[in-house]
$ cat my_file-v4.pdb   # PDB, C-alpha atoms, pLDDT in the B column
ATOM      1  CA  MET A 283       2.169   6.330  -2.934  1.00 58.00           C
ATOM      2  CA  GLN A 284       2.060   9.773  -4.381  1.00 58.00           C
ATOM      3  CA  ASP A 285       0.715  13.258  -3.931  1.00 57.00           C
ATOM      4  CA  ASP A 286      -2.610  13.936  -5.652  1.00 60.00           C
ATOM      5  CA  ALA A 287      -2.635  17.573  -6.692  1.00 56.00           C
ATOM      6  CA  THR A 288      -6.101  17.148  -8.241  1.00 59.00           C
ATOM      7  CA  ASN A 289      -7.747  16.546  -4.866  1.00 62.00           C
ATOM      8  CA  PRO A 290      -6.444  18.875  -2.150  1.00 58.00           C
ATOM      9  CA  THR A 291      -8.849  17.491   0.486  1.00 59.00           C
ATOM     10  CA  GLU A 292      -7.308  14.030   0.029  1.00 65.00           C
ATOM     11  CA  PRO A 293      -3.767  14.906  -1.086  1.00 75.00           C
ATOM     12  CA  TYR A 294      -2.269  11.401  -0.986  1.00 88.00           C
ATOM     13  CA  LYS A 295      -3.151   8.165  -2.781  1.00 87.00           C
ATOM     14  CA  PHE A 296      -1.798   4.752  -3.694  1.00 89.00           C
ATOM     15  CA  SER A 297      -0.939   4.803  -7.390  1.00 88.00           C
ATOM     16  CA  SER A 298      -2.941   1.579  -7.756  1.00 89.00           C
ATOM     17  CA  SER A 299      -5.741   0.541  -5.445  1.00 92.00           C
ATOM     18  CA  SER A 300      -5.942  -2.982  -6.869  1.00 95.00           C
ATOM     19  CA  VAL A 301      -2.983  -5.213  -7.679  1.00 95.00           C
ATOM     20  CA  SER A 302      -2.949  -8.830  -8.905  1.00 97.00           C
ATOM     21  CA  ILE A 303       0.109 -11.031  -8.409  1.00 97.00           C
ATOM     22  CA  ALA A 304       0.959 -14.725  -8.584  1.00 98.00           C
ATOM     23  CA  CYS A 305       1.284 -16.723  -5.377  1.00 97.00           C
ATOM     24  CA  GLY A 306       4.861 -16.324  -4.127  1.00 97.00           C
ATOM     25  CA  GLY A 307       5.153 -12.912  -5.745  1.00 97.00           C
ATOM     26  CA  LYS A 308       5.796  -9.593  -4.106  1.00 96.00           C
ATOM     27  CA  VAL A 309       4.507  -6.054  -4.148  1.00 95.00           C
ATOM     28  CA  VAL A 310       7.027  -3.215  -3.996  1.00 95.00           C
ATOM     29  CA  ILE A 311       5.750   0.012  -2.444  1.00 94.00           C
ATOM     30  CA  THR A 312       7.657   3.275  -2.842  1.00 95.00           C
ATOM     31  CA  ASN A 313       6.663   6.463  -1.064  1.00 94.00           C
ATOM     32  CA  ASN A 314       6.883   9.102  -3.799  1.00 91.00           C
ATOM     33  CA  SER A 315       4.946  11.650  -1.777  1.00 91.00           C
ATOM     34  CA  SER A 316       5.972  14.378   0.629  1.00 89.00           C
ATOM     35  CA  GLY A 317       4.386  12.748   3.699  1.00 91.00           C
ATOM     36  CA  THR A 318       4.890   9.709   5.913  1.00 95.00           C
ATOM     37  CA  HIS A 319       2.675   6.685   5.178  1.00 95.00           C
ATOM     38  CA  THR A 320       2.268   3.009   6.014  1.00 97.00           C
ATOM     39  CA  PHE A 321       1.379  -0.077   3.991  1.00 96.00           C
ATOM     40  CA  SER A 322      -0.762  -1.834   6.581  1.00 97.00           C
ATOM     41  CA  PRO A 323      -3.058  -4.865   6.375  1.00 97.00           C
ATOM     42  CA  THR A 324      -6.735  -4.182   7.025  1.00 96.00           C
ATOM     43  CA  HIS A 325      -7.371  -7.708   8.400  1.00 93.00           C
ATOM     44  CA  GLY A 326      -4.004  -9.420   8.773  1.00 90.00           C
ATOM     45  CA  GLY A 327      -2.256 -11.509   6.149  1.00 92.00           C
ATOM     46  CA  PHE A 328       1.020  -9.618   5.924  1.00 94.00           C
ATOM     47  CA  LYS A 329       3.349  -7.603   8.119  1.00 94.00           C
ATOM     48  CA  ASP A 330       2.761  -3.871   8.543  1.00 95.00           C
ATOM     49  CA  SER A 331       5.468  -1.779   6.868  1.00 96.00           C
ATOM     50  CA  GLY A 332       5.791   0.646   9.753  1.00 96.00           C
ATOM     51  CA  ASN A 333       6.468   4.288   8.920  1.00 97.00           C
ATOM     52  CA  MET A 334       7.514   4.921   5.339  1.00 96.00           C
ATOM     53  CA  ASN A 335       9.171   8.307   5.023  1.00 96.00           C
ATOM     54  CA  PRO A 336       9.397  10.086   1.646  1.00 94.00           C
ATOM     55  CA  SER A 337      11.541   8.173  -0.895  1.00 94.00           C
ATOM     56  CA  SER A 338      11.507   4.936   1.155  1.00 96.00           C
ATOM     57  CA  THR A 339      10.650   1.551  -0.350  1.00 96.00           C
ATOM     58  CA  VAL A 340       9.311  -1.684   1.139  1.00 96.00           C
ATOM     59  CA  SER A 341       8.752  -5.081  -0.457  1.00 96.00           C
ATOM     60  CA  VAL A 342       5.992  -7.443   0.733  1.00 96.00           C
ATOM     61  CA  SER A 343       5.832 -11.086  -0.399  1.00 96.00           C
ATOM     62  CA  PHE A 344       2.588 -13.084  -0.535  1.00 97.00           C
ATOM     63  CA  PHE A 345       2.712 -16.874  -0.204  1.00 96.00           C
ATOM     64  CA  PHE A 346      -0.985 -17.751   0.068  1.00 96.00           C
ATOM     65  CA  LYS A 347      -3.789 -17.226  -2.436  1.00 97.00           C
ATOM     66  CA  GLY A 348      -6.507 -14.790  -1.497  1.00 97.00           C
ATOM     67  CA  SER A 349      -7.326 -11.093  -1.323  1.00 98.00           C
ATOM     68  CA  TYR A 350      -5.505  -8.862   1.133  1.00 97.00           C
ATOM     69  CA  GLY A 351      -6.776  -5.394   1.966  1.00 97.00           C
ATOM     70  CA  PHE A 352      -4.310  -2.611   2.680  1.00 97.00           C
ATOM     71  CA  ILE A 353      -4.530   0.880   4.139  1.00 96.00           C
ATOM     72  CA  CYS A 354      -2.316   3.762   5.200  1.00 96.00           C
ATOM     73  CA  SER A 355      -2.811   3.993   8.953  1.00 96.00           C
ATOM     74  CA  TYR A 356      -2.406   7.789   8.802  1.00 94.00           C
ATOM     75  CA  HIS A 357      -4.762   8.447   5.866  1.00 93.00           C
ATOM     76  CA  SER A 358      -7.923   6.327   6.036  1.00 92.00           C
ATOM     77  CA  TRP A 359      -8.944   7.056   2.416  1.00 91.00           C
ATOM     78  CA  MET A 360      -5.743   5.401   1.132  1.00 94.00           C
ATOM     79  CA  THR A 361      -6.950   1.808   0.689  1.00 95.00           C
ATOM     80  CA  GLY A 362      -6.690  -1.038  -1.762  1.00 96.00           C
ATOM     81  CA  THR A 363      -6.447  -4.781  -2.308  1.00 97.00           C
ATOM     82  CA  VAL A 364      -3.725  -7.222  -3.334  1.00 97.00           C
ATOM     83  CA  HIS A 365      -5.218 -10.228  -5.177  1.00 98.00           C
ATOM     84  CA  VAL A 366      -2.957 -13.285  -5.003  1.00 98.00           C
ATOM     85  CA  THR A 367      -3.702 -16.049  -7.543  1.00 97.00           C
TER      86      THR A 367
END

$ encode --input "my_file-v4.pdb" --output "structure tokens"
Amino acid sequence: MQDDATNPTEPYKFSSSSVSIACGGKVVITNNSSGTHTFSPTHGGFKDSGNMNPSSTVSVSFFFKGSYGFICSYHSWMTGTVHVT
């Protein structure tokens, strides 16, 4: 997650909105922004990160193939998908 100085109406974003990983792999999320965020599933599939304060990191492992949507529960425009192959 990071600040987006180019878009002041939507100042935060995930640095990648689409990630592909192998089954059994993990995604590491670091909050490089100045605000609090979450890494939350849109329809289940993995555990919500809870609040991620600035400079915090969370790792999420994926053990089943499929596509998993994610969102920041505080900023509805911060969305993306993890594709597990």

$ resolve_selection --input "my_file-v4.pdb" --expression "the PyMOL selection byres ((chain A and resi 327) around 9)" --output "list of chain:residue names"
A:Pro323, A:Thr324, A:His325, A:Gly326, A:Phe328, A:Lys329, A:Phe344, A:Phe346, A:Tyr350, A:Gly351

$ resolve_selection --input "my_file-v4.pdb" --expression "the PyMOL selection byres ((chain A and resi 300) around 8)" --output "ChimeraX atom specification"
/A:298-299,301-302,362-365

$ atom_distance --input "my_file-v4.pdb" --atom1 "atom CA of His357 of chain A" --atom2 "atom CA of Gly317 of chain A"
10.3 Å

$ resolve_selection --input "my_file-v4.pdb" --expression "the PyMOL selection byres ((chain A and resi 354) around 9)" --output "mmCIF file with C-alpha atoms, keeping the file's coordinate frame"
data_model
loop_
_atom_site.group_PDB
_atom_site.id
_atom_site.type_symbol
_atom_site.label_atom_id
_atom_site.label_comp_id
_atom_site.auth_asym_id
_atom_site.auth_seq_id
_atom_site.Cartn_x
_atom_site.Cartn_y
_atom_site.Cartn_z
ATOM 1 C CA PHE A 296 -1.798 4.752 -3.694
ATOM 2 C CA HIS A 319 2.675 6.685 5.178
ATOM 3 C CA THR A 320 2.268 3.009 6.014
ATOM 4 C CA PHE A 321 1.379 -0.077 3.991
ATOM 5 C CA SER A 322 -0.762 -1.834 6.581
ATOM 6 C CA PRO A 323 -3.058 -4.865 6.375
ATOM 7 C CA PHE A 352 -4.310 -2.611 2.680
ATOM 8 C CA ILE A 353 -4.530 0.880 4.139
ATOM 9 C CA SER A 355 -2.811 3.993 8.953
ATOM 10 C CA TYR A 356 -2.406 7.789 8.802
ATOM 11 C CA HIS A 357 -4.762 8.447 5.866
ATOM 12 C CA SER A 358 -7.923 6.327 6.036
ATOM 13 C CA TRP A 359 -8.944 7.056 2.416
ATOM 14 C CA MET A 360 -5.743 5.401 1.132
ATOM 15 C CA THR A 361 -6.950 1.808 0.689
#

$ residues_around --input "my_file-v4.pdb" --residues "Asn313 of chain A" --least-positions-apart "2" --cutoff "8 Å" --atoms "all atoms listed in the file" --output "list in words"
Met283, Gln284, Ile311, Ser315, Thr318, His319, Met334, Asn335, Pro336, Ser337, Ser338 and Thr339 of chain A

$ build_atoms --input "my_file-v4.pdb" --residues "segment 317-338 of chain A" --atoms "N, CA and C atoms" --output "PDB file, in the frame of the given file"
ATOM      1  N   GLY A 317       4.772  13.076   2.333  1.00 91.00           N
ATOM      2  CA  GLY A 317       4.386  12.748   3.699  1.00 91.00           C
ATOM      3  C   GLY A 317       4.801  11.349   4.107  1.00 91.00           C
ATOM      4  N   THR A 318       4.630  11.045   5.384  1.00 95.00           N
ATOM      5  CA  THR A 318       4.890   9.709   5.913  1.00 95.00           C
ATOM      6  C   THR A 318       3.627   8.867   5.776  1.00 95.00           C
ATOM      7  N   HIS A 319       3.798   7.599   5.377  1.00 95.00           N
ATOM      8  CA  HIS A 319       2.675   6.685   5.178  1.00 95.00           C
ATOM      9  C   HIS A 319       3.026   5.320   5.751  1.00 95.00           C
ATOM     10  N   THR A 320       2.035   4.416   5.708  1.00 97.00           N
ATOM     11  CA  THR A 320       2.268   3.009   6.014  1.00 97.00           C
ATOM     12  C   THR A 320       1.600   2.170   4.933  1.00 97.00           C
ATOM     13  N   PHE A 321       2.046   0.941   4.801  1.00 96.00           N
ATOM     14  CA  PHE A 321       1.379  -0.077   3.991  1.00 96.00           C
ATOM     15  C   PHE A 321       0.961  -1.129   5.006  1.00 96.00           C
ATOM     16  N   SER A 322      -0.288  -1.038   5.456  1.00 97.00           N
ATOM     17  CA  SER A 322      -0.762  -1.834   6.581  1.00 97.00           C
ATOM     18  C   SER A 322      -1.904  -2.750   6.153  1.00 97.00           C
ATOM     19  N   PRO A 323      -1.942  -3.974   6.693  1.00 97.00           N
ATOM     20  CA  PRO A 323      -3.058  -4.865   6.375  1.00 97.00           C
ATOM     21  C   PRO A 323      -4.337  -4.401   7.067  1.00 97.00           C
ATOM     22  N   THR A 324      -5.467  -4.542   6.386  1.00 96.00           N
ATOM     23  CA  THR A 324      -6.735  -4.182   7.025  1.00 96.00           C
ATOM     24  C   THR A 324      -7.245  -5.310   7.921  1.00 96.00           C
ATOM     25  N   HIS A 325      -6.896  -6.564   7.606  1.00 93.00           N
ATOM     26  CA  HIS A 325      -7.371  -7.708   8.400  1.00 93.00           C
ATOM     27  C   HIS A 325      -6.304  -8.796   8.496  1.00 93.00           C
ATOM     28  N   GLY A 326      -5.078  -8.436   8.667  1.00 90.00           N
ATOM     29  CA  GLY A 326      -4.004  -9.420   8.773  1.00 90.00           C
ATOM     30  C   GLY A 326      -3.570  -9.920   7.404  1.00 90.00           C
ATOM     31  N   GLY A 327      -2.688 -10.897   7.406  1.00 92.00           N
ATOM     32  CA  GLY A 327      -2.256 -11.509   6.149  1.00 92.00           C
ATOM     33  C   GLY A 327      -0.854 -11.141   5.722  1.00 92.00           C
ATOM     34  N   PHE A 328      -0.356 -10.017   6.193  1.00 94.00           N
ATOM     35  CA  PHE A 328       1.020  -9.618   5.924  1.00 94.00           C
ATOM     36  C   PHE A 328       1.472  -8.642   6.996  1.00 94.00           C
ATOM     37  N   LYS A 329       2.778  -8.459   7.076  1.00 94.00           N
ATOM     38  CA  LYS A 329       3.349  -7.603   8.119  1.00 94.00           C
ATOM     39  C   LYS A 329       3.234  -6.128   7.739  1.00 94.00           C
ATOM     40  N   ASP A 330       2.831  -5.322   8.705  1.00 95.00           N
ATOM     41  CA  ASP A 330       2.761  -3.871   8.543  1.00 95.00           C
ATOM     42  C   ASP A 330       4.139  -3.317   8.201  1.00 95.00           C
ATOM     43  N   SER A 331       4.187  -2.364   7.290  1.00 96.00           N
ATOM     44  CA  SER A 331       5.468  -1.779   6.868  1.00 96.00           C
ATOM     45  C   SER A 331       6.095  -0.879   7.918  1.00 96.00           C
ATOM     46  N   GLY A 332       5.299  -0.399   8.865  1.00 96.00           N
ATOM     47  CA  GLY A 332       5.791   0.646   9.753  1.00 96.00           C
ATOM     48  C   GLY A 332       5.838   1.960   8.985  1.00 96.00           C
ATOM     49  N   ASN A 333       6.412   2.979   9.581  1.00 97.00           N
ATOM     50  CA  ASN A 333       6.468   4.288   8.920  1.00 97.00           C
ATOM     51  C   ASN A 333       7.324   4.238   7.666  1.00 97.00           C
ATOM     52  N   MET A 334       6.774   4.784   6.596  1.00 96.00           N
ATOM     53  CA  MET A 334       7.514   4.921   5.339  1.00 96.00           C
ATOM     54  C   MET A 334       7.691   6.414   5.073  1.00 96.00           C
ATOM     55  N   ASN A 335       8.873   6.907   5.283  1.00 96.00           N
ATOM     56  CA  ASN A 335       9.171   8.307   5.023  1.00 96.00           C
ATOM     57  C   ASN A 335       9.294   8.547   3.524  1.00 96.00           C
ATOM     58  N   PRO A 336       9.250   9.803   3.067  1.00 94.00           N
ATOM     59  CA  PRO A 336       9.397  10.086   1.646  1.00 94.00           C
ATOM     60  C   PRO A 336      10.647   9.406   1.071  1.00 94.00           C
ATOM     61  N   SER A 337      10.500   8.860  -0.121  1.00 94.00           N
ATOM     62  CA  SER A 337      11.541   8.173  -0.895  1.00 94.00           C
ATOM     63  C   SER A 337      11.889   6.783  -0.370  1.00 94.00           C
ATOM     64  N   SER A 338      11.209   6.282   0.659  1.00 96.00           N
ATOM     65  CA  SER A 338      11.507   4.936   1.155  1.00 96.00           C
ATOM     66  C   SER A 338      10.732   3.888   0.356  1.00 96.00           C
TER      67      SER A 338
END
